[in-house]
Amino acid sequence: MFENILFQSASDLLARDIGSGGLPPSILLAGPAASGKLSTALEIARVLSCRASGTKGLWNCTCPSCLQHKVLVSQGMLLAGPGDRTLEIRAAKATLLSQNAKNSSHLEAARHLYLRAVRKLTLRFSPILWEGDDKISKTAPLLQSINESLEPLTPGRTIPAPDDLQKILDSVEKDAEKLESSFLYDSIPVFQIRNISSWAHLKSGEGKKVMVLENADRMADSARNALLKILEEPPEDLIFILTTQRRSAMLPTILSRVRTYNFFERGREQQEKVISRIFHYTPGFTHSKMPDDVGGFLQSYLDIQPEQVMAAAASYFAEIAQGHFPDAAAVMASCGSFRPRVLFTIFLRGIIKAQELFLASAEGVACSGRILEQLRMTADNVAIFNQGPQAALEQLARNLMQIDHDTGGGFRRLSGGD
């Protein structure tokens, strides 16, 4: 049970609670990015549905329910919420190609890794979740194309020849990136919470149903209130699993109705072991050295490297410090339109780094505090209120220039320009 969740004590606590029958109907998995929260949530769903007796919950269980959950095709689970899946799909694609080229003993593990990476995205487009949204008709062709492409990779079938495999994976990647960038909401819309509520109250007749809500802190007040109503009176046959990187951003009333299992930042050696074991990576195939952490490993699959985005952020901030209004459209172009959206997060971190030189004086510390508050609001505008990155950058520039004006041109002075 939880054999693939590495170096997280929460997995031991969860195994104990599941084994004793003490798992509550609503739980929260809280911790930093790439710490295994979503993988753990999906494992909980598999373990709870396992029909085996002596081997119940083991990853190598071959009961029909476990086989469905391993490739994420079970009808007893829903997955919703925003999440950047593009980089994991690319990393899993590289793993499958490399293991196939080597005819490795890890080929089946690589197949499952890839199928799960893709379906972590496509599951968020279930008709159950999107009922009442006109986007569903636009996503259907992409989902059909992805599902048809994945058919030759079904476990038990022979992996296609290398050239055919490459074509299949390239096609899926293209469709998946369009699906994520064009249609996936950056915050959980209230209509999806209401659809979840309707699904939750339907009797399954097949044991526990599991609802996984990733990045549950990223929703507006209306969605939070709708979620709270479900948690106040959860259906008997439903387990609700929320995940978040920011527990402090969750409503206290929601936190009071869930049991929190904390995840922690793994140490460097532990991160390297995760990369090696999960992605079967060794330096030389796709990277010249072992990345320092899982996040850095995934970011190495970006079309635009973080250093370029950080440089664009420094230039953006320098323009404002000089009293010029930056060209947000040009910033967008230089940063690949912030697709995947993790690039926007990296850009904001670049501004944080650029303004750190203000911390050398008391005046600068006060100014920095106001800047950081604006950056937090900008991040929330994009992640929670679905504001476009270009509009967010234009609004941020105006707000930062107001701070500069309020401090009598403090940006230039504090940065050493005067």
# chains A, B, ... in the order shown; residues from 1 in each chain; ligands from 1
>>> residues_around(residues="range 30-35 of chain A", least_positions_apart="6", cutoff="10 Å", atoms="only C-alpha atoms", output="JSON, numbers by chain")
{"A": [5, 6, 7, 8, 10, 215, 242, 243, 244, 245, 246, 247, 248, 260, 261, 262, 263, 264, 265, 266, 271, 274, 293, 294, 295, 296, 298]}
>>> write_last_selection(atoms="N, CA and C atoms", output="short mmCIF file (atom, residue, chain, number, x, y, z; two decimals), in the first residue's frame")
data_model
loop_
_atom_site.label_atom_id
_atom_site.label_comp_id
_atom_site.auth_asym_id
_atom_site.auth_seq_id
_atom_site.Cartn_x
_atom_site.Cartn_y
_atom_site.Cartn_z
N ILE A 5 4.66 6.03 -3.16
CA ILE A 5 4.71 7.34 -2.53
C ILE A 5 5.96 7.37 -1.66
N LEU A 6 6.98 8.04 -2.15
CA LEU A 6 8.30 7.95 -1.54
C LEU A 6 8.57 9.11 -0.57
N PHE A 7 9.11 8.76 0.59
CA PHE A 7 9.65 9.73 1.55
C PHE A 7 8.60 10.72 2.05
N GLN A 8 7.38 10.24 2.26
CA GLN A 8 6.34 11.07 2.86
C GLN A 8 5.68 10.28 3.98
N ALA A 10 3.09 10.95 5.51
CA ALA A 10 1.63 10.95 5.40
C ALA A 10 1.11 9.63 4.85
N ASN A 215 -5.71 21.38 -6.01
CA ASN A 215 -5.58 22.83 -5.84
C ASN A 215 -6.89 23.45 -5.37
N LEU A 242 -9.19 16.57 -0.99
CA LEU A 242 -8.74 17.86 -1.47
C LEU A 242 -7.22 17.92 -1.40
N THR A 243 -6.60 18.65 -2.32
CA THR A 243 -5.17 18.90 -2.22
C THR A 243 -4.92 20.40 -2.32
N THR A 244 -3.83 20.84 -1.70
CA THR A 244 -3.47 22.25 -1.77
C THR A 244 -1.99 22.44 -1.49
N GLN A 245 -1.42 23.46 -2.12
CA GLN A 245 -0.08 23.90 -1.78
C GLN A 245 -0.12 25.03 -0.76
N ARG A 246 -1.32 25.57 -0.52
CA ARG A 246 -1.46 26.72 0.38
C ARG A 246 -2.62 26.46 1.35
N ARG A 247 -2.34 25.73 2.39
CA ARG A 247 -3.39 25.43 3.36
C ARG A 247 -3.94 26.71 3.98
N SER A 248 -3.08 27.72 4.15
CA SER A 248 -3.50 28.98 4.75
C SER A 248 -4.52 29.72 3.90
N THR A 260 -6.38 16.95 7.94
CA THR A 260 -5.22 17.31 7.12
C THR A 260 -4.10 16.28 7.28
N TYR A 261 -3.55 15.87 6.15
CA TYR A 261 -2.34 15.04 6.12
C TYR A 261 -1.27 15.90 5.44
N ASN A 262 -0.20 16.17 6.17
CA ASN A 262 0.82 17.10 5.70
C ASN A 262 1.92 16.39 4.90
N PHE A 263 2.28 17.02 3.78
CA PHE A 263 3.39 16.57 2.94
C PHE A 263 4.51 17.60 3.07
N PHE A 264 5.75 17.14 2.94
CA PHE A 264 6.89 18.02 3.17
C PHE A 264 7.85 18.01 1.98
N GLU A 265 8.65 19.06 1.91
CA GLU A 265 9.68 19.14 0.88
C GLU A 265 10.71 18.05 1.12
N ARG A 266 10.93 17.22 0.13
CA ARG A 266 11.92 16.17 0.27
C ARG A 266 13.34 16.74 0.20
N GLN A 271 14.86 13.58 -3.46
CA GLN A 271 14.33 14.05 -4.75
C GLN A 271 14.98 13.29 -5.90
N VAL A 274 13.47 9.90 -6.21
CA VAL A 274 12.14 9.95 -6.81
C VAL A 274 12.26 10.05 -8.33
N ASP A 293 15.84 18.70 -8.03
CA ASP A 293 14.54 18.36 -7.45
C ASP A 293 13.56 17.99 -8.55
N VAL A 294 12.40 17.47 -8.14
CA VAL A 294 11.40 17.01 -9.11
C VAL A 294 10.88 18.18 -9.93
N GLY A 295 10.65 19.33 -9.28
CA GLY A 295 10.17 20.50 -10.01
C GLY A 295 11.15 20.94 -11.08
N GLY A 296 12.44 20.96 -10.74
CA GLY A 296 13.46 21.33 -11.72
C GLY A 296 13.54 20.33 -12.85
N LEU A 298 11.04 18.49 -14.05
CA LEU A 298 9.90 18.72 -14.93
C LEU A 298 10.08 20.02 -15.73
#
>>> residues_around(residues="range 358-360 of chain A", least_positions_apart="2", cutoff="10 Å", atoms="only C-alpha atoms", output="ChimeraX atom specification")
/A:354-356,362-369,410-411,413-416
>>> residues_around(residues="Phe279 in chain A", least_positions_apart="2", cutoff="10 Å", atoms="only C-alpha atoms", output="ChimeraX atom specification")
/A:88,91-96,99,106,109-110,113-114,273-277,281-282,297
>>> closest_residue(among="A:Thr139, A:Asn147, A:Ser315, A:Asn100", to="Arg119 in chain A", atoms="only C-alpha atoms")
A:Asn147
>>> residues_around(residues="range 327-333 of chain A", least_positions_apart="4", cutoff="7 Å", atoms="only C-alpha atoms", output="PyMOL selection string")
chain A and resi 312+337-338+390+393-394
>>> write_last_selection(atoms="N, CA, C and O atoms", output="PDB file, in the first residue's frame")
ATOM      1  N   ALA A 312      13.336  38.056 -18.472  1.00  0.00           N
ATOM      2  CA  ALA A 312      12.238  38.900 -18.943  1.00  0.00           C
ATOM      3  C   ALA A 312      11.580  39.632 -17.779  1.00  0.00           C
ATOM      4  O   ALA A 312      11.183  40.800 -17.892  1.00  0.00           O
ATOM      5  N   SER A 337       3.792  33.121 -24.336  1.00  0.00           N
ATOM      6  CA  SER A 337       2.402  33.343 -23.903  1.00  0.00           C
ATOM      7  C   SER A 337       2.090  32.662 -22.576  1.00  0.00           C
ATOM      8  O   SER A 337       0.945  32.402 -22.248  1.00  0.00           O
ATOM      9  N   PHE A 338       3.160  32.376 -21.808  1.00  0.00           N
ATOM     10  CA  PHE A 338       3.024  31.742 -20.504  1.00  0.00           C
ATOM     11  C   PHE A 338       2.254  30.421 -20.589  1.00  0.00           C
ATOM     12  O   PHE A 338       1.369  30.141 -19.780  1.00  0.00           O
ATOM     13  N   GLN A 390      -1.732  38.692 -19.915  1.00  0.00           N
ATOM     14  CA  GLN A 390      -1.377  40.014 -20.444  1.00  0.00           C
ATOM     15  C   GLN A 390      -2.106  41.113 -19.679  1.00  0.00           C
ATOM     16  O   GLN A 390      -1.493  42.116 -19.284  1.00  0.00           O
ATOM     17  N   LEU A 393      -0.497  41.507 -16.296  1.00  0.00           N
ATOM     18  CA  LEU A 393       0.782  42.226 -16.314  1.00  0.00           C
ATOM     19  C   LEU A 393       0.576  43.726 -16.512  1.00  0.00           C
ATOM     20  O   LEU A 393       1.315  44.541 -15.941  1.00  0.00           O
ATOM     21  N   GLU A 394      -0.403  44.093 -17.309  1.00  0.00           N
ATOM     22  CA  GLU A 394      -0.689  45.517 -17.505  1.00  0.00           C
ATOM     23  C   GLU A 394      -1.208  46.138 -16.214  1.00  0.00           C
ATOM     24  O   GLU A 394      -0.803  47.246 -15.839  1.00  0.00           O
TER      25      GLU A 394
END
>>> residues_around(residues="Val71 in chain A", least_positions_apart="3", cutoff="10 Å", atoms="only C-alpha atoms", output="PDB file with all heavy atoms, in the first residue's frame")
ATOM      1  N   CYS A  66      -8.431  -2.618  -9.287  1.00  0.00           N
ATOM      2  CA  CYS A  66      -7.068  -2.069  -9.256  1.00  0.00           C
ATOM      3  C   CYS A  66      -6.517  -1.856 -10.660  1.00  0.00           C
ATOM      4  O   CYS A  66      -5.844  -0.869 -10.933  1.00  0.00           O
ATOM      5  CB  CYS A  66      -6.143  -2.980  -8.456  1.00  0.00           C
ATOM      6  SG  CYS A  66      -6.295  -2.788  -6.655  1.00  0.00           S
ATOM      7  N   LEU A  67      -6.804  -2.804 -11.558  1.00  0.00           N
ATOM      8  CA  LEU A  67      -6.325  -2.662 -12.935  1.00  0.00           C
ATOM      9  C   LEU A  67      -6.910  -1.409 -13.587  1.00  0.00           C
ATOM     10  O   LEU A  67      -6.210  -0.708 -14.341  1.00  0.00           O
ATOM     11  CB  LEU A  67      -6.684  -3.902 -13.747  1.00  0.00           C
ATOM     12  CG  LEU A  67      -5.961  -5.202 -13.350  1.00  0.00           C
ATOM     13  CD1 LEU A  67      -6.448  -6.362 -14.208  1.00  0.00           C
ATOM     14  CD2 LEU A  67      -4.440  -5.042 -13.481  1.00  0.00           C
ATOM     15  N   GLN A  68      -8.166  -1.106 -13.306  1.00  0.00           N
ATOM     16  CA  GLN A  68      -8.779   0.107 -13.855  1.00  0.00           C
ATOM     17  C   GLN A  68      -8.160   1.362 -13.252  1.00  0.00           C
ATOM     18  O   GLN A  68      -7.865   2.331 -13.956  1.00  0.00           O
ATOM     19  CB  GLN A  68     -10.286   0.089 -13.593  1.00  0.00           C
ATOM     20  CG  GLN A  68     -11.042  -0.946 -14.400  1.00  0.00           C
ATOM     21  CD  GLN A  68     -12.528  -0.947 -14.074  1.00  0.00           C
ATOM     22  OE1 GLN A  68     -12.972  -0.325 -13.115  1.00  0.00           O
ATOM     23  NE2 GLN A  68     -13.305  -1.655 -14.886  1.00  0.00           N
ATOM     24  N   SER A  74     -11.297   4.178 -13.979  1.00  0.00           N
ATOM     25  CA  SER A  74     -12.389   3.754 -13.110  1.00  0.00           C
ATOM     26  C   SER A  74     -13.541   4.748 -13.160  1.00  0.00           C
ATOM     27  O   SER A  74     -13.324   5.966 -13.181  1.00  0.00           O
ATOM     28  CB  SER A  74     -11.888   3.621 -11.666  1.00  0.00           C
ATOM     29  OG  SER A  74     -12.971   3.395 -10.785  1.00  0.00           O
ATOM     30  N   ARG A 111       4.965   2.560 -19.353  1.00  0.00           N
ATOM     31  CA  ARG A 111       3.666   2.617 -20.027  1.00  0.00           C
ATOM     32  C   ARG A 111       2.608   3.177 -19.069  1.00  0.00           C
ATOM     33  O   ARG A 111       1.844   4.068 -19.420  1.00  0.00           O
ATOM     34  CB  ARG A 111       3.254   1.227 -20.497  1.00  0.00           C
ATOM     35  CG  ARG A 111       1.940   1.228 -21.310  1.00  0.00           C
ATOM     36  CD  ARG A 111       1.224  -0.120 -21.241  1.00  0.00           C
ATOM     37  NE  ARG A 111       1.978  -1.267 -21.693  1.00  0.00           N
ATOM     38  CZ  ARG A 111       1.805  -1.910 -22.852  1.00  0.00           C
ATOM     39  NH1 ARG A 111       0.901  -1.485 -23.714  1.00  0.00           N
ATOM     40  NH2 ARG A 111       2.510  -2.987 -23.137  1.00  0.00           N
ATOM     41  N   HIS A 112       2.579   2.627 -17.844  1.00  0.00           N
ATOM     42  CA  HIS A 112       1.607   3.095 -16.864  1.00  0.00           C
ATOM     43  C   HIS A 112       1.857   4.553 -16.473  1.00  0.00           C
ATOM     44  O   HIS A 112       0.913   5.332 -16.312  1.00  0.00           O
ATOM     45  CB  HIS A 112       1.640   2.203 -15.616  1.00  0.00           C
ATOM     46  CG  HIS A 112       0.862   0.942 -15.758  1.00  0.00           C
ATOM     47  ND1 HIS A 112       1.374  -0.178 -16.363  1.00  0.00           N
ATOM     48  CD2 HIS A 112      -0.406   0.620 -15.385  1.00  0.00           C
ATOM     49  CE1 HIS A 112       0.468  -1.144 -16.351  1.00  0.00           C
ATOM     50  NE2 HIS A 112      -0.625  -0.684 -15.772  1.00  0.00           N
ATOM     51  N   LEU A 113       3.117   4.917 -16.324  1.00  0.00           N
ATOM     52  CA  LEU A 113       3.461   6.301 -15.992  1.00  0.00           C
ATOM     53  C   LEU A 113       2.911   7.253 -17.047  1.00  0.00           C
ATOM     54  O   LEU A 113       2.323   8.297 -16.719  1.00  0.00           O
ATOM     55  CB  LEU A 113       4.986   6.456 -15.905  1.00  0.00           C
ATOM     56  CG  LEU A 113       5.505   7.868 -15.621  1.00  0.00           C
ATOM     57  CD1 LEU A 113       5.200   8.278 -14.188  1.00  0.00           C
ATOM     58  CD2 LEU A 113       7.008   7.958 -15.903  1.00  0.00           C
ATOM     59  N   TYR A 114       3.058   6.887 -18.312  1.00  0.00           N
ATOM     60  CA  TYR A 114       2.605   7.750 -19.400  1.00  0.00           C
ATOM     61  C   TYR A 114       1.076   7.829 -19.451  1.00  0.00           C
ATOM     62  O   TYR A 114       0.508   8.926 -19.542  1.00  0.00           O
ATOM     63  CB  TYR A 114       3.142   7.245 -20.741  1.00  0.00           C
ATOM     64  CG  TYR A 114       2.678   8.108 -21.893  1.00  0.00           C
ATOM     65  CD1 TYR A 114       3.255   9.347 -22.134  1.00  0.00           C
ATOM     66  CD2 TYR A 114       1.632   7.704 -22.716  1.00  0.00           C
ATOM     67  CE1 TYR A 114       2.812  10.164 -23.158  1.00  0.00           C
ATOM     68  CE2 TYR A 114       1.176   8.501 -23.743  1.00  0.00           C
ATOM     69  CZ  TYR A 114       1.781   9.728 -23.961  1.00  0.00           C
ATOM     70  OH  TYR A 114       1.322  10.537 -24.969  1.00  0.00           O
ATOM     71  N   LEU A 115       0.420   6.692 -19.394  1.00  0.00           N
ATOM     72  CA  LEU A 115      -1.043   6.691 -19.453  1.00  0.00           C
ATOM     73  C   LEU A 115      -1.638   7.507 -18.306  1.00  0.00           C
ATOM     74  O   LEU A 115      -2.586   8.281 -18.491  1.00  0.00           O
ATOM     75  CB  LEU A 115      -1.577   5.255 -19.401  1.00  0.00           C
ATOM     76  CG  LEU A 115      -1.314   4.394 -20.642  1.00  0.00           C
ATOM     77  CD1 LEU A 115      -1.706   2.944 -20.376  1.00  0.00           C
ATOM     78  CD2 LEU A 115      -2.066   4.929 -21.848  1.00  0.00           C
ATOM     79  N   ARG A 116      -1.064   7.361 -17.120  1.00  0.00           N
ATOM     80  CA  ARG A 116      -1.557   8.100 -15.967  1.00  0.00           C
ATOM     81  C   ARG A 116      -1.303   9.594 -16.124  1.00  0.00           C
ATOM     82  O   ARG A 116      -2.153  10.423 -15.761  1.00  0.00           O
ATOM     83  CB  ARG A 116      -0.900   7.579 -14.687  1.00  0.00           C
ATOM     84  CG  ARG A 116      -1.388   6.187 -14.291  1.00  0.00           C
ATOM     85  CD  ARG A 116      -0.540   5.601 -13.180  1.00  0.00           C
ATOM     86  NE  ARG A 116      -0.658   6.349 -11.935  1.00  0.00           N
ATOM     87  CZ  ARG A 116      -1.598   6.143 -11.026  1.00  0.00           C
ATOM     88  NH1 ARG A 116      -2.521   5.220 -11.232  1.00  0.00           N
ATOM     89  NH2 ARG A 116      -1.632   6.853  -9.916  1.00  0.00           N
ATOM     90  N   ALA A 117      -0.159   9.965 -16.671  1.00  0.00           N
ATOM     91  CA  ALA A 117       0.156  11.383 -16.856  1.00  0.00           C
ATOM     92  C   ALA A 117      -0.863  12.049 -17.772  1.00  0.00           C
ATOM     93  O   ALA A 117      -1.339  13.156 -17.498  1.00  0.00           O
ATOM     94  CB  ALA A 117       1.570  11.542 -17.426  1.00  0.00           C
ATOM     95  N   VAL A 118      -1.217  11.372 -18.862  1.00  0.00           N
ATOM     96  CA  VAL A 118      -2.190  11.938 -19.806  1.00  0.00           C
ATOM     97  C   VAL A 118      -3.579  12.003 -19.173  1.00  0.00           C
ATOM     98  O   VAL A 118      -4.281  13.015 -19.273  1.00  0.00           O
ATOM     99  CB  VAL A 118      -2.225  11.118 -21.106  1.00  0.00           C
ATOM    100  CG1 VAL A 118      -3.321  11.636 -22.038  1.00  0.00           C
ATOM    101  CG2 VAL A 118      -0.867  11.176 -21.813  1.00  0.00           C
ATOM    102  N   ARG A 119      -3.962  10.931 -18.492  1.00  0.00           N
ATOM    103  CA  ARG A 119      -5.325  10.888 -17.942  1.00  0.00           C
ATOM    104  C   ARG A 119      -5.486  11.767 -16.708  1.00  0.00           C
ATOM    105  O   ARG A 119      -6.607  12.091 -16.327  1.00  0.00           O
ATOM    106  CB  ARG A 119      -5.719   9.436 -17.669  1.00  0.00           C
ATOM    107  CG  ARG A 119      -5.981   8.710 -18.990  1.00  0.00           C
ATOM    108  CD  ARG A 119      -6.360   7.268 -18.821  1.00  0.00           C
ATOM    109  NE  ARG A 119      -6.638   6.685 -20.142  1.00  0.00           N
ATOM    110  CZ  ARG A 119      -6.302   5.458 -20.503  1.00  0.00           C
ATOM    111  NH1 ARG A 119      -5.657   4.681 -19.648  1.00  0.00           N
ATOM    112  NH2 ARG A 119      -6.588   5.011 -21.717  1.00  0.00           N
ATOM    113  N   LYS A 120      -4.392  12.160 -16.084  1.00  0.00           N
ATOM    114  CA  LYS A 120      -4.501  13.167 -15.022  1.00  0.00           C
ATOM    115  C   LYS A 120      -5.032  14.479 -15.596  1.00  0.00           C
ATOM    116  O   LYS A 120      -5.594  15.292 -14.868  1.00  0.00           O
ATOM    117  CB  LYS A 120      -3.142  13.404 -14.360  1.00  0.00           C
ATOM    118  CG  LYS A 120      -2.698  12.307 -13.415  1.00  0.00           C
ATOM    119  CD  LYS A 120      -1.312  12.609 -12.862  1.00  0.00           C
ATOM    120  CE  LYS A 120      -0.771  11.461 -12.027  1.00  0.00           C
ATOM    121  NZ  LYS A 120       0.606  11.751 -11.546  1.00  0.00           N
ATOM    122  N   THR A 154      -2.723   0.377 -24.601  1.00  0.00           N
ATOM    123  CA  THR A 154      -3.452  -0.327 -23.557  1.00  0.00           C
ATOM    124  C   THR A 154      -2.596  -1.457 -22.984  1.00  0.00           C
ATOM    125  O   THR A 154      -1.995  -2.225 -23.741  1.00  0.00           O
ATOM    126  CB  THR A 154      -4.760  -0.915 -24.117  1.00  0.00           C
ATOM    127  OG1 THR A 154      -5.558   0.143 -24.652  1.00  0.00           O
ATOM    128  CG2 THR A 154      -5.537  -1.651 -23.042  1.00  0.00           C
ATOM    129  N   PRO A 155      -2.490  -1.569 -21.655  1.00  0.00           N
ATOM    130  CA  PRO A 155      -1.710  -2.668 -21.057  1.00  0.00           C
ATOM    131  C   PRO A 155      -2.161  -4.025 -21.585  1.00  0.00           C
ATOM    132  O   PRO A 155      -3.360  -4.287 -21.739  1.00  0.00           O
ATOM    133  CB  PRO A 155      -2.014  -2.521 -19.563  1.00  0.00           C
ATOM    134  CG  PRO A 155      -2.278  -1.064 -19.381  1.00  0.00           C
ATOM    135  CD  PRO A 155      -3.009  -0.648 -20.630  1.00  0.00           C
TER     136      PRO A 155
END
>>> atom_distance(atom1="CA of Ala318 in chain A", atom2="CA of Gln299 in chain A")
25.5 Å
>>> decode(residues="range 308-329 of chain A", atoms="N, CA and C atoms", output="mmCIF file, in the first residue's frame")
data_model
loop_
_atom_site.group_PDB
_atom_site.id
_atom_site.type_symbol
_atom_site.label_atom_id
_atom_site.label_comp_id
_atom_site.auth_asym_id
_atom_site.auth_seq_id
_atom_site.Cartn_x
_atom_site.Cartn_y
_atom_site.Cartn_z
ATOM 1 N N GLN A 308 15.384 32.303 -19.022
ATOM 2 C CA GLN A 308 14.910 33.296 -19.985
ATOM 3 C C GLN A 308 13.710 34.053 -19.434
ATOM 4 N N VAL A 309 12.823 33.341 -18.746
ATOM 5 C CA VAL A 309 11.640 33.980 -18.160
ATOM 6 C C VAL A 309 12.050 34.900 -17.018
ATOM 7 N N MET A 310 13.012 34.462 -16.201
ATOM 8 C CA MET A 310 13.499 35.298 -15.103
ATOM 9 C C MET A 310 14.136 36.576 -15.640
ATOM 10 N N ALA A 311 14.858 36.460 -16.771
ATOM 11 C CA ALA A 311 15.475 37.638 -17.385
ATOM 12 C C ALA A 311 14.412 38.602 -17.899
ATOM 13 N N ALA A 312 13.336 38.056 -18.472
ATOM 14 C CA ALA A 312 12.238 38.900 -18.943
ATOM 15 C C ALA A 312 11.580 39.632 -17.779
ATOM 16 N N ALA A 313 11.463 38.949 -16.643
ATOM 17 C CA ALA A 313 10.873 39.575 -15.453
ATOM 18 C C ALA A 313 11.752 40.703 -14.940
ATOM 19 N N ALA A 314 13.060 40.492 -14.940
ATOM 20 C CA ALA A 314 13.987 41.537 -14.490
ATOM 21 C C ALA A 314 13.912 42.751 -15.404
ATOM 22 N N SER A 315 13.797 42.521 -16.717
ATOM 23 C CA SER A 315 13.686 43.611 -17.679
ATOM 24 C C SER A 315 12.380 44.371 -17.495
ATOM 25 N N TYR A 316 11.295 43.645 -17.262
ATOM 26 C CA TYR A 316 9.972 44.233 -17.012
ATOM 27 C C TYR A 316 10.034 45.166 -15.802
ATOM 28 N N PHE A 317 10.651 44.683 -14.728
ATOM 29 C CA PHE A 317 10.736 45.477 -13.509
ATOM 30 C C PHE A 317 11.651 46.686 -13.692
ATOM 31 N N ALA A 318 12.741 46.498 -14.442
ATOM 32 C CA ALA A 318 13.670 47.619 -14.698
ATOM 33 C C ALA A 318 12.988 48.727 -15.498
ATOM 34 N N GLU A 319 12.130 48.337 -16.447
ATOM 35 C CA GLU A 319 11.375 49.334 -17.221
ATOM 36 C C GLU A 319 10.526 50.200 -16.295
ATOM 37 N N ILE A 320 9.858 49.567 -15.360
ATOM 38 C CA ILE A 320 9.012 50.308 -14.418
ATOM 39 C C ILE A 320 9.859 51.213 -13.536
ATOM 40 N N ALA A 321 11.002 50.696 -13.088
ATOM 41 C CA ALA A 321 11.900 51.489 -12.241
ATOM 42 C C ALA A 321 12.408 52.731 -12.971
ATOM 43 N N GLN A 322 12.496 52.654 -14.298
ATOM 44 C CA GLN A 322 12.941 53.789 -15.106
ATOM 45 C C GLN A 322 11.791 54.720 -15.473
ATOM 46 N N GLY A 323 10.591 54.390 -15.018
ATOM 47 C CA GLY A 323 9.428 55.233 -15.291
ATOM 48 C C GLY A 323 8.733 54.931 -16.593
ATOM 49 N N HIS A 324 9.051 53.791 -17.222
ATOM 50 C CA HIS A 324 8.447 53.417 -18.493
ATOM 51 C C HIS A 324 7.400 52.326 -18.285
ATOM 52 N N PHE A 325 6.331 52.389 -19.051
ATOM 53 C CA PHE A 325 5.299 51.354 -18.980
ATOM 54 C C PHE A 325 5.727 50.197 -19.886
ATOM 55 N N PRO A 326 5.960 49.012 -19.332
ATOM 56 C CA PRO A 326 6.461 47.893 -20.148
ATOM 57 C C PRO A 326 5.429 47.417 -21.160
ATOM 58 N N ASP A 327 5.936 46.836 -22.239
ATOM 59 C CA ASP A 327 5.091 46.298 -23.304
ATOM 60 C C ASP A 327 4.688 44.874 -22.925
ATOM 61 N N ALA A 328 3.479 44.724 -22.379
ATOM 62 C CA ALA A 328 3.031 43.412 -21.905
ATOM 63 C C ALA A 328 2.922 42.401 -23.043
ATOM 64 N N ALA A 329 2.532 42.871 -24.221
ATOM 65 C CA ALA A 329 2.416 41.961 -25.367
ATOM 66 C C ALA A 329 3.785 41.400 -25.740
#
